[in-house]
Structure formats: C-alpha cells, structure tokens
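File shown: protein-v4.cif. Contents: mmCIF, C-alpha atoms and all ligand atoms.
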```
data_run
loop_
_atom_site.label_atom_id
_atom_site.label_comp_id
_atom_site.auth_asym_id
_atom_site.auth_seq_id
_atom_site.Cartn_x
_atom_site.Cartn_y
_atom_site.Cartn_z
CA MET P 1151 -236.94 158.85 -136.20
CA THR P 1152 -237.27 155.33 -137.19
CA CYS P 1153 -239.13 152.96 -135.05
CA PRO P 1154 -236.98 150.48 -133.31
CA THR P 1155 -237.37 147.22 -135.03
CA ARG P 1156 -237.39 143.95 -133.29
CA PRO P 1157 -234.86 141.39 -134.31
CA LYS P 1158 -236.01 139.85 -137.46
CA SER P 1159 -235.86 136.40 -136.06
CA ALA P 1160 -238.77 137.13 -133.71
CA TYR P 1161 -240.97 137.54 -136.73
CA ASN P 1162 -239.39 134.97 -138.90
CA PRO P 1163 -238.04 132.27 -136.70
CA VAL P 1164 -235.56 130.13 -138.53
CA VAL P 1165 -237.35 127.05 -139.66
CA THR P 1166 -235.26 124.10 -140.50
CA GLU P 1167 -236.73 122.44 -143.48
CA ARG P 1168 -237.57 118.86 -142.72
CA PRO P 1169 -238.58 116.37 -145.32
CA PRO P 1170 -242.24 115.48 -144.93
CA ARG P 1171 -242.65 112.58 -142.54
CA PRO P 1172 -243.46 109.37 -144.38
CA PRO P 1173 -246.84 107.91 -143.45
CA ARG P 1174 -246.52 105.50 -140.54
CA ALA P 1175 -246.20 101.95 -141.80
CA GLU P 1176 -249.36 99.93 -141.29
CA PRO P 1177 -249.15 96.98 -138.93
CA ARG P 1178 -248.51 93.73 -140.75
CA GLU P 1179 -251.89 92.25 -139.86
CA VAL P 1180 -253.67 95.30 -141.30
CA VAL P 1181 -251.70 94.95 -144.55
CA GLU P 1182 -252.52 91.24 -144.67
CA LEU P 1183 -256.21 91.84 -143.98
CA LYS P 1184 -256.42 94.38 -146.80
CA GLN P 1185 -254.71 91.94 -149.16
CA LEU P 1186 -257.19 89.29 -148.11
CA ARG P 1187 -260.09 91.62 -148.91
CA THR P 1188 -258.70 92.15 -152.41
CA ALA P 1189 -258.03 88.45 -153.00
CA GLN P 1190 -261.37 87.27 -151.59
CA PRO P 1191 -263.95 90.05 -151.95
CA GLU P 1192 -266.65 87.73 -150.57
CA LEU P 1193 -264.94 88.07 -147.16
CA GLY P 1194 -265.10 91.88 -147.40
CA SER P 1195 -267.55 92.56 -144.61
CA ALA P 1196 -265.81 90.14 -142.20
CA VAL P 1197 -262.46 91.74 -143.04
CA ASP P 1198 -263.81 95.25 -142.47
CA MET P 1199 -265.22 94.30 -139.08
CA GLN P 1200 -261.91 92.71 -138.14
CA LEU P 1201 -259.99 95.82 -139.25
CA ALA P 1202 -262.18 97.96 -137.00
CA LEU P 1203 -261.70 95.61 -134.03
CA VAL P 1204 -257.94 95.28 -134.58
CA ASP P 1205 -257.50 99.05 -134.82
CA MET P 1206 -259.39 99.65 -131.59
CA GLN P 1207 -257.62 96.87 -129.70
CA ARG P 1208 -254.18 98.05 -130.78
CA ARG P 1209 -254.93 101.57 -129.60
CA VAL P 1210 -256.06 100.38 -126.16
CA GLN P 1211 -253.36 97.74 -125.77
CA ALA P 1212 -250.64 100.31 -126.47
CA ARG P 1213 -251.73 102.10 -123.30
CA VAL P 1214 -251.86 99.01 -121.08
CA PRO P 1215 -248.68 98.56 -119.07
CA LEU P 1216 -247.03 95.16 -118.90
CA PRO P 1217 -248.18 93.98 -115.46
CA TRP P 1218 -245.84 92.60 -112.87
CA ILE P 1219 -247.63 89.45 -111.81
CA GLN P 1220 -246.30 87.97 -108.61
CA VAL P 1221 -246.15 84.22 -109.11
CA ASP P 1222 -244.81 82.08 -106.34
CA PRO P 1223 -243.26 78.96 -107.96
CA GLU P 1224 -245.03 76.66 -105.49
CA TRP P 1225 -248.41 78.23 -106.25
CA VAL P 1226 -247.74 77.97 -109.99
CA ARG P 1227 -246.98 74.28 -109.61
CA SER P 1228 -250.13 73.61 -107.63
CA GLN P 1229 -252.34 75.62 -110.02
CA GLN P 1230 -250.91 73.75 -113.00
CA ALA P 1231 -251.28 70.38 -111.32
CA ALA P 1232 -254.95 71.18 -110.68
CA GLY P 1233 -255.47 72.43 -114.25
CA ARG P 1234 -256.11 75.95 -113.04
CA PRO P 1235 -254.88 79.01 -114.91
CA LEU P 1236 -252.64 81.73 -113.49
CA VAL P 1237 -254.17 85.14 -114.06
CA ARG P 1238 -256.31 86.28 -111.13
CA PHE P 1239 -258.70 89.12 -111.77
CA SER P 1240 -256.68 91.35 -109.46
CA ASP P 1241 -253.64 90.80 -111.71
CA VAL P 1242 -255.36 92.28 -114.75
CA PRO P 1243 -254.11 95.87 -115.30
CA LEU P 1244 -257.62 97.21 -115.88
CA GLU P 1245 -258.08 100.91 -116.44
CA TRP P 1246 -261.82 101.25 -116.09
CA SER P 1247 -262.21 104.32 -118.27
CA ASP P 1248 -260.33 102.53 -121.06
CA PHE P 1249 -262.38 99.41 -120.46
CA ARG P 1250 -265.68 101.31 -120.68
CA LEU P 1251 -264.55 102.86 -123.93
CA ILE P 1252 -263.54 99.60 -125.55
CA PHE P 1253 -266.64 97.82 -124.20
CA ARG P 1254 -268.87 100.43 -125.84
CA GLN P 1255 -266.89 100.59 -129.07
CA THR P 1256 -266.79 96.79 -129.40
CA ALA P 1257 -270.57 96.68 -129.11
CA ASP P 1258 -270.82 99.49 -131.69
CA ILE P 1259 -268.64 97.59 -134.18
CA LEU P 1260 -270.43 94.26 -133.73
CA HIS P 1261 -273.76 96.03 -134.16
CA ARG P 1262 -272.59 97.96 -137.23
CA TYR P 1263 -271.58 94.71 -138.91
CA GLU P 1264 -274.79 92.97 -137.89
CA THR P 1265 -273.19 90.55 -135.48
CA LEU P 1266 -275.22 91.97 -132.60
CA GLU P 1267 -278.97 92.51 -132.81
CA ARG P 1268 -280.37 95.91 -131.98
CA GLY P 1269 -282.18 94.87 -128.79
CA ASP P 1270 -279.14 93.08 -127.38
CA TYR P 1271 -276.91 95.93 -128.45
CA GLN P 1272 -279.03 98.42 -126.50
CA LYS P 1273 -279.03 96.27 -123.38
CA ILE P 1274 -275.26 95.85 -123.55
CA VAL P 1275 -274.63 99.55 -124.07
CA SER P 1276 -276.83 100.44 -121.11
CA LEU P 1277 -274.93 97.93 -118.95
CA GLY P 1278 -271.79 99.82 -119.86
CA ARG P 1279 -273.36 103.12 -118.86
CA GLU P 1280 -274.50 102.07 -115.41
CA GLY P 1281 -271.62 103.18 -113.28
CA ASN P 1282 -271.96 100.51 -110.64
CA ALA P 1283 -273.04 97.57 -112.76
CA LEU P 1284 -270.15 97.00 -115.10
CA GLU P 1285 -267.27 96.46 -112.69
CA PRO P 1286 -268.82 93.64 -110.64
CA LEU P 1287 -270.22 92.12 -113.83
CA VAL P 1288 -266.78 91.94 -115.45
CA ARG P 1289 -265.17 90.58 -112.30
CA GLN P 1290 -267.80 87.89 -111.87
CA TRP P 1291 -267.70 86.95 -115.55
CA TYR P 1292 -263.93 86.54 -115.41
CA ASP P 1293 -264.02 84.53 -112.17
CA ASN P 1294 -266.73 82.26 -113.57
CA THR P 1295 -265.08 81.70 -116.93
CA SER P 1296 -261.45 81.42 -115.88
CA GLY P 1297 -261.63 78.73 -113.22
CA VAL P 1298 -258.60 80.27 -111.48
CA SER P 1299 -260.08 79.53 -108.08
CA ALA P 1300 -262.61 76.81 -108.89
CA ASP P 1301 -262.83 73.89 -111.27
CA ALA P 1302 -266.14 74.74 -112.87
CA ARG P 1303 -266.26 77.27 -115.66
CA THR P 1304 -269.46 78.87 -116.86
CA ARG P 1305 -270.34 81.62 -119.28
CA ALA P 1306 -272.53 84.69 -118.86
CA SER P 1307 -275.73 83.93 -116.96
CA GLY P 1308 -278.80 82.69 -118.81
CA ASP P 1309 -280.73 85.97 -118.82
CA ALA P 1310 -277.77 87.99 -120.16
CA PRO P 1311 -278.24 89.57 -123.59
CA ALA P 1312 -276.97 87.42 -126.47
CA GLY P 1313 -273.53 88.52 -127.52
CA LEU P 1314 -272.49 89.76 -124.08
CA ASP P 1315 -269.86 87.00 -123.84
CA GLN P 1316 -268.33 88.12 -127.09
CA VAL P 1317 -268.31 91.81 -126.19
CA LEU P 1318 -266.73 91.08 -122.79
CA LEU P 1319 -264.18 88.77 -124.37
CA LEU P 1320 -263.08 91.28 -127.00
CA ALA P 1321 -263.10 94.21 -124.58
CA LEU P 1322 -260.99 92.37 -122.01
CA ARG P 1323 -258.53 91.05 -124.59
CA PRO P 1324 -256.00 93.95 -124.65
CA PHE P 1325 -255.67 93.74 -120.86
CA LEU P 1326 -255.48 89.95 -120.66
CA ALA P 1327 -253.10 89.78 -123.62
CA ARG P 1328 -250.66 91.88 -121.59
CA CYS P 1329 -250.93 89.38 -118.71
CA ALA P 1330 -250.26 86.44 -121.03
CA GLU P 1331 -247.32 88.34 -122.49
CA ALA P 1332 -245.85 89.01 -119.05
CA LEU P 1333 -246.30 85.42 -117.87
CA THR P 1334 -245.07 83.82 -121.10
CA GLN P 1335 -241.68 85.35 -120.43
CA ARG P 1336 -241.47 84.10 -116.86
CA THR P 1337 -243.39 80.86 -116.50
CA ASP P 1338 -242.50 77.30 -117.35
CA LEU P 1339 -245.52 75.79 -119.09
CA SER P 1340 -243.89 72.53 -120.08
CA HIS P 1341 -246.06 70.61 -117.61
CA TRP P 1342 -249.36 72.11 -118.77
CA THR P 1343 -251.22 69.35 -120.61
CA HIS P 1344 -254.75 70.76 -120.59
CA GLY P 1345 -256.92 71.86 -123.48
CA HIS P 1346 -257.82 75.21 -121.90
CA CYS P 1347 -255.64 78.28 -121.56
CA PRO P 1348 -252.96 78.19 -118.83
CA PHE P 1349 -253.24 81.97 -118.41
CA CYS P 1350 -256.95 82.84 -118.43
CA GLY P 1351 -258.72 79.47 -118.63
CA TRP P 1352 -260.64 80.14 -121.86
CA GLU P 1353 -260.85 77.69 -124.75
CA PRO P 1354 -258.47 77.61 -127.69
CA ASP P 1355 -259.88 79.30 -130.76
CA PHE P 1356 -257.08 78.61 -133.20
CA ALA P 1357 -253.81 76.69 -133.41
CA VAL P 1358 -250.48 76.77 -135.17
CA ILE P 1359 -248.43 73.84 -136.44
CA THR P 1360 -244.82 74.78 -135.79
CA PRO P 1361 -241.91 74.08 -138.17
CA THR P 1362 -241.06 71.11 -135.92
CA ALA P 1363 -244.60 69.73 -136.49
CA ASP P 1364 -245.78 70.40 -132.94
CA ARG P 1365 -249.16 71.95 -132.38
CA ARG P 1366 -249.60 75.05 -130.24
CA LEU P 1367 -253.08 76.12 -129.22
CA ILE P 1368 -254.02 79.80 -129.12
CA CYS P 1369 -256.46 81.11 -126.54
CA GLY P 1370 -259.63 82.68 -127.90
CA ARG P 1371 -259.55 85.34 -125.18
CA CYS P 1372 -255.98 86.35 -124.23
CA LEU P 1373 -254.19 84.98 -127.34
CA GLY P 1374 -251.72 83.13 -125.10
CA GLN P 1375 -250.19 80.00 -126.64
CA TRP P 1376 -249.35 76.58 -125.26
CA ALA P 1377 -248.16 73.27 -126.64
CA PHE P 1378 -250.75 70.50 -126.94
CA SER P 1379 -250.67 67.07 -128.53
CA ALA P 1380 -251.52 67.36 -132.22
CA LEU P 1381 -254.02 64.50 -132.31
CA THR P 1382 -255.87 64.99 -129.05
CA CYS P 1383 -259.12 66.94 -128.90
CA PRO P 1384 -258.61 69.94 -126.57
CA PHE P 1385 -262.34 70.10 -125.81
CA CYS P 1386 -262.98 66.54 -124.61
CA SER P 1387 -259.47 65.00 -124.43
CA ASN P 1388 -260.35 62.28 -126.93
CA ASP P 1389 -257.00 60.93 -128.16
CA GLU P 1390 -258.22 58.01 -130.26
CA ARG P 1391 -256.62 58.80 -133.61
CA THR P 1392 -259.31 57.11 -135.66
CA LEU P 1393 -261.83 59.46 -134.04
CA ILE P 1394 -260.01 62.64 -135.05
CA THR P 1395 -260.75 63.82 -138.58
CA SER P 1396 -258.19 66.17 -140.07
CA PHE P 1397 -258.28 67.93 -143.42
CA ALA P 1398 -256.31 70.74 -145.04
CA THR P 1399 -256.93 73.48 -147.56
CA ARG P 1400 -255.69 72.78 -151.08
CA ASP P 1401 -252.69 75.09 -150.66
CA GLY P 1402 -251.76 73.34 -147.40
CA ARG P 1403 -251.82 76.61 -145.48
CA TYR P 1404 -254.60 75.74 -143.07
CA ARG P 1405 -255.85 72.58 -141.43
CA VAL P 1406 -258.93 71.53 -139.45
CA TYR P 1407 -258.88 69.02 -136.60
CA ALA P 1408 -262.35 67.73 -135.87
CA CYS P 1409 -263.35 65.42 -133.05
CA ASP P 1410 -265.77 62.59 -133.79
CA VAL P 1411 -266.58 62.22 -130.10
CA CYS P 1412 -267.67 65.72 -129.07
CA ARG P 1413 -268.10 66.97 -132.69
CA ARG P 1414 -266.11 70.15 -132.10
CA TYR P 1415 -263.31 71.34 -134.36
CA LEU P 1416 -260.29 73.61 -134.27
CA LYS P 1417 -258.57 75.36 -137.16
CA ALA P 1418 -254.80 75.64 -137.48
CA TYR P 1419 -252.25 77.61 -139.46
CA ASP P 1420 -249.54 75.35 -140.84
CA ALA P 1421 -246.30 77.29 -140.35
CA ARG P 1422 -244.08 74.54 -141.73
CA ASN P 1423 -243.71 76.06 -145.19
CA ALA P 1424 -245.10 79.49 -144.47
CA SER P 1425 -243.70 82.88 -145.34
CA ARG P 1426 -244.96 84.54 -142.16
CA PRO P 1427 -245.88 83.58 -138.59
CA VAL P 1428 -249.46 82.88 -137.55
CA MET P 1429 -251.64 86.00 -137.21
CA VAL P 1430 -254.89 85.05 -135.55
CA ALA P 1431 -256.65 88.28 -136.55
CA VAL P 1432 -255.95 87.48 -140.20
CA ASP P 1433 -256.02 83.70 -140.21
CA SER P 1434 -259.31 83.38 -138.38
CA ILE P 1435 -260.96 85.44 -141.16
CA ALA P 1436 -259.07 83.79 -144.03
CA THR P 1437 -260.39 80.43 -142.81
CA LEU P 1438 -264.08 81.34 -142.67
CA PRO P 1439 -264.67 79.07 -145.70
CA LEU P 1440 -263.12 76.24 -143.66
CA ASP P 1441 -265.67 76.84 -140.91
CA ALA P 1442 -268.37 76.38 -143.48
CA ALA P 1443 -266.75 73.14 -144.67
CA ALA P 1444 -266.45 71.80 -141.11
CA MET P 1445 -270.04 72.68 -140.26
CA GLN P 1446 -271.22 71.09 -143.45
CA ARG P 1447 -269.66 67.88 -142.20
CA GLY P 1448 -271.67 68.22 -139.00
CA TYR P 1449 -269.02 69.66 -136.68
CA ILE P 1450 -269.53 72.61 -134.37
CA GLY P 1451 -267.12 75.48 -133.70
ZN ZN R 1 -256.24 82.79 -122.32
ZN ZN R 2 -263.68 66.20 -128.58
#
```
Please rewrite the model in this file as structure tokens.
Ligand SMILES: [Zn+2]
Ligand SMILES: [Zn+2]
Amino acid sequence: MTCPTRPKSAYNPVVTERPPRPPRAEPREVVELKQLRTAQPELGSAVDMQLALVDMQRRVQARVPLPWIQVDPEWVRSQQAAGRPLVRFSDVPLEWSDFRLIFRQTADILHRYETLERGDYQKIVSLGREGNALEPLVRQWYDNTSGVSADARTRASGDAPAGLDQVLLLALRPFLARCAEALTQRTDLSHWTHGHCPFCGWEPDFAVITPTADRRLICGRCLGQWAFSALTCPFCSNDERTLITSFATRDGRYRVYACDVCRRYLKAYDARNASRPVMVAVDSIATLPLDAAAMQRGYIG
C-alpha cells in the first residue's frame, strides 16, 4: 500500500518569480551630500555627521503625523501683530519614546564627531535617562525660546551642559517641522515682517534668494520659511544699506549678508540660476568655507 501523499503544492507552493526589487532610491539630499564629499574631501567629516543626522531625522519624521493645529484667525492676527509665533508646545505632536530615542542618538552623533565634549555628552545622556526630568525640561526650553506667550526669548539656563541647546534643537526638529508644514499650508504669513520664525520663534539659520529675487529666511529649528526684506538684518533690524555687507561665492551659488551694526551674518542659496531647490542639510555644509570667510572678516554666526 502506498502512503497517501499530500498534494504536491503543500510542499512546493507555487512561487511566482519576481524580479529582484531595485534598491530604494536615496533621498536627493543624501545623494547631494555624498557628491559634496567627493568634490570637497576636506568637508568629509562634516558631511558624514550630517548624513548621520539626516538619516535619523528622516526616520523619526516619517513616523510623526501631520498635526491638526487649531488656529483661530483672530488669534493668528493678534500673535502676528505682537511678533509672536504660532506653535504652542501643546500643538507639537511629541511621541516621548521617539523623542527620547532621537535625543540620545543626536547626542551620540555629535559626540562621535567631536562636536560635543565627553563630560557634556555624559550629562546630556543622563538627562535623557531620568524619566521625570526630560519632559519638563523640553517644555520649558521650548516656552523660553519660542516666545509664543511672552516677548522675551532665552536659551538653556546658564548651568546647562554646553551643547544642550543644539541637542534639543535637533531632537525637536522632526516634530516642529511637521507643525511648520501643517501651518504653512493654512496660514497667511504675508503680514509677518519679523526676523524670527513665525512658527516656532527661533532665529533664521539660512536663506534662499528666489527666482524673483526675493529673500526667504529659513528657521534654524523647524525649517519653516518666511519672506523677509533682502537688505535688512533679521537679527537687529538694521536696514541701512551701507551697513549691510554682502558677498557671493565665485560661482554665484551662495551669498553672505553681514550686518555692520550687530556683526552677525546669514548665508543664502541663490536659486535664481540654480538646477535644484535649496536643501538646508546640504547647503549649510557646502558653505562651511563661507563661514570661515565671514568670521575672518570679523562677523559672528
Ligand atoms: Zn521655526
Ligand atoms: Zn544686525
């Protein structure tokens, strides 16, 4: 007697042959950063640190939902008239476990690339571990630095470890960027004439000159953008043209605006004859030699 055999398909399920999946295309800014590393090997370490930060931020930001921020038009008008930004801490779609992860990993990356000293790194990491310390710290830091409900803005307190501002800023970015994204679609910013960010209140860290020769500032924290007069200093409002020094790179791709009153400067990407839009993650690294040039002339970032 022959043993009953099971249908063959149970042993050899029909497998449809699929062509191997092509590797997922790298994000444009990653491609650009790698090209930059090849073209300017002296920027290698800065590029590698940026690649690590960009990769981590993209992974977290992909999980952050676009928040629905309730903005009453009357409140928006009054906030804008008072120069106060729009994102309240309670609007930020913070997932604390994600935040803890990115806070820790940001500190790891900055320490690995020698941007954070060991002692400060250890203090920051232990802040992140203390269950009850981090949440109020982040809330207070945001309230103090955004000016949403007060005019004065301050940074981390004096006894905070050096570099804490930067770790908080980078760790909060994926969450705040989602807020700026949500509000950009729904808010009229044409009356915002201030040098600080209309979404989170931080300072601009970069700018773009649009094809119509307008200047848009880009927030150093949430990456939100807003229009601002091209020859006014966003840091001290100096608009005396003879007291604004502006110079460009030889290829015309980047420009520096420096203020001869407060001595601060801002870099810009000139999109007028450009082949791609501004990419802050790339352009801020590509312009590190410009920072050196500006500082050599006695300006501060
Ligand atoms: Zn901002
Ligand atoms: Zn100034």
| said: For ligand ZN 1 (chain R), return the neighbouring residues as a count of residues only (distance at most 9 Å; all atoms listed in the file). | reply: 24
Got a sec: who's within 12 Å of Val1428 of chain P, counting all atoms listed in the file, leaving out chain neighbours fewer than 5 positions off, as a PDB file with C-alpha atoms, in the frame of the given file?
```
ATOM      1  CA  ARG P1178    -248.510  93.730-140.750  1.00  0.00           C
ATOM      2  CA  GLU P1179    -251.890  92.250-139.860  1.00  0.00           C
ATOM      3  CA  GLU P1182    -252.520  91.240-144.670  1.00  0.00           C
ATOM      4  CA  PHE P1356    -257.080  78.610-133.200  1.00  0.00           C
ATOM      5  CA  ALA P1357    -253.810  76.690-133.410  1.00  0.00           C
ATOM      6  CA  VAL P1358    -250.480  76.770-135.170  1.00  0.00           C
ATOM      7  CA  ILE P1359    -248.430  73.840-136.440  1.00  0.00           C
ATOM      8  CA  THR P1360    -244.820  74.780-135.790  1.00  0.00           C
ATOM      9  CA  PRO P1361    -241.910  74.080-138.170  1.00  0.00           C
ATOM     10  CA  ARG P1366    -249.600  75.050-130.240  1.00  0.00           C
ATOM     11  CA  LEU P1367    -253.080  76.120-129.220  1.00  0.00           C
ATOM     12  CA  ILE P1368    -254.020  79.800-129.120  1.00  0.00           C
ATOM     13  CA  LEU P1373    -254.190  84.980-127.340  1.00  0.00           C
ATOM     14  CA  GLN P1375    -250.190  80.000-126.640  1.00  0.00           C
ATOM     15  CA  ARG P1403    -251.820  76.610-145.480  1.00  0.00           C
ATOM     16  CA  TYR P1404    -254.600  75.740-143.070  1.00  0.00           C
ATOM     17  CA  LYS P1417    -258.570  75.360-137.160  1.00  0.00           C
ATOM     18  CA  ALA P1418    -254.800  75.640-137.480  1.00  0.00           C
ATOM     19  CA  TYR P1419    -252.250  77.610-139.460  1.00  0.00           C
ATOM     20  CA  ASP P1420    -249.540  75.350-140.840  1.00  0.00           C
ATOM     21  CA  ALA P1421    -246.300  77.290-140.350  1.00  0.00           C
ATOM     22  CA  ARG P1422    -244.080  74.540-141.730  1.00  0.00           C
ATOM     23  CA  ASN P1423    -243.710  76.060-145.190  1.00  0.00           C
ATOM     24  CA  ASP P1433    -256.020  83.700-140.210  1.00  0.00           C
ATOM     25  CA  SER P1434    -259.310  83.380-138.380  1.00  0.00           C
ATOM     26  CA  ALA P1436    -259.070  83.790-144.030  1.00  0.00           C
TER      27      ALA P1436
END
```
| Selection as a ChimeraX atom specification: residues within 12 Å of ligand ZN 2 (chain R) by all atoms listed in the file | /P:1345,1381-1391,1393-1395,1407-1416,1449-1451
Residues from the last selection, C-alpha atoms, saved as a PDB file, in the coordinates of the input:
```
ATOM      1  CA  GLY P1345    -256.920  71.860-123.480  1.00  0.00           C
ATOM      2  CA  LEU P1381    -254.020  64.500-132.310  1.00  0.00           C
ATOM      3  CA  THR P1382    -255.870  64.990-129.050  1.00  0.00           C
ATOM      4  CA  CYS P1383    -259.120  66.940-128.900  1.00  0.00           C
ATOM      5  CA  PRO P1384    -258.610  69.940-126.570  1.00  0.00           C
ATOM      6  CA  PHE P1385    -262.340  70.100-125.810  1.00  0.00           C
ATOM      7  CA  CYS P1386    -262.980  66.540-124.610  1.00  0.00           C
ATOM      8  CA  SER P1387    -259.470  65.000-124.430  1.00  0.00           C
ATOM      9  CA  ASN P1388    -260.350  62.280-126.930  1.00  0.00           C
ATOM     10  CA  ASP P1389    -257.000  60.930-128.160  1.00  0.00           C
ATOM     11  CA  GLU P1390    -258.220  58.010-130.260  1.00  0.00           C
ATOM     12  CA  ARG P1391    -256.620  58.800-133.610  1.00  0.00           C
ATOM     13  CA  LEU P1393    -261.830  59.460-134.040  1.00  0.00           C
ATOM     14  CA  ILE P1394    -260.010  62.640-135.050  1.00  0.00           C
ATOM     15  CA  THR P1395    -260.750  63.820-138.580  1.00  0.00           C
ATOM     16  CA  TYR P1407    -258.880  69.020-136.600  1.00  0.00           C
ATOM     17  CA  ALA P1408    -262.350  67.730-135.870  1.00  0.00           C
ATOM     18  CA  CYS P1409    -263.350  65.420-133.050  1.00  0.00           C
ATOM     19  CA  ASP P1410    -265.770  62.590-133.790  1.00  0.00           C
ATOM     20  CA  VAL P1411    -266.580  62.220-130.100  1.00  0.00           C
ATOM     21  CA  CYS P1412    -267.670  65.720-129.070  1.00  0.00           C
ATOM     22  CA  ARG P1413    -268.100  66.970-132.690  1.00  0.00           C
ATOM     23  CA  ARG P1414    -266.110  70.150-132.100  1.00  0.00           C
ATOM     24  CA  TYR P1415    -263.310  71.340-134.360  1.00  0.00           C
ATOM     25  CA  LEU P1416    -260.290  73.610-134.270  1.00  0.00           C
ATOM     26  CA  TYR P1449    -269.020  69.660-136.680  1.00  0.00           C
ATOM     27  CA  ILE P1450    -269.530  72.610-134.370  1.00  0.00           C
ATOM     28  CA  GLY P1451    -267.120  75.480-133.700  1.00  0.00           C
TER      29      GLY P1451
END
```
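The smallest atom-to-atom distance between Gln1290 of chain P and any of P:Thr1265, P:Thr1437, P:Ser1240, P:Thr1256, using all atoms listed in the file, is found for P:Ser1240.
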| Residues at most 12 Å from Ala1231 of chain P, counting only C-alpha atoms, excluding those fewer than 3 positions away in the same chain, as a ChimeraX atom specification? | /P:1224-1228,1234-1236,1339-1344,1348
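Counting only C-alpha atoms, the residue from P:Phe1325, P:Glu1245, P:Ala1431, P:Leu1319 that sits nearest to Leu1183 of chain P is P:Ala1431.
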| task | For atom CA of Asp1241 of chain P and atom CA of Val1288 of chain P, determine how far apart the two atoms are, in Å to one decimal place. | result |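 Pair atom CA of Asp1241 of chain P / atom CA of Val1288 of chain P returns 13.7 Å.
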| Which residue out of P:Ser1276, P:Ser1195, P:Thr1399, P:Gln1200 has the minimum interatomic distance to Val1432 of chain P when all atoms listed in the file are used? |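 Closest to Val1432 of chain P of all the choices is P:Gln1200.
In this model, the gap between atom CA of Ser1299 of chain P and atom CA of Arg1238 of chain P comes to 8.3 Å.
Residue nearest Glu1264 of chain P, chosen from P:Leu1287, P:Arg1209, P:Ala1196, P:Val1317 and counting all atoms listed in the file: P:Ala1196.
Taking atom CA of Tyr1271 of chain P as the reference point, atom CA of Gly1313 of chain P is found at 8.2 Å.
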| Counting only C-alpha atoms, the residue of P:Asp1270, P:Glu1285, P:Arg1213, P:Arg1336 that sits nearest Asp1309 of chain P |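 The closest residue to Asp1309 of chain P is P:Asp1270.
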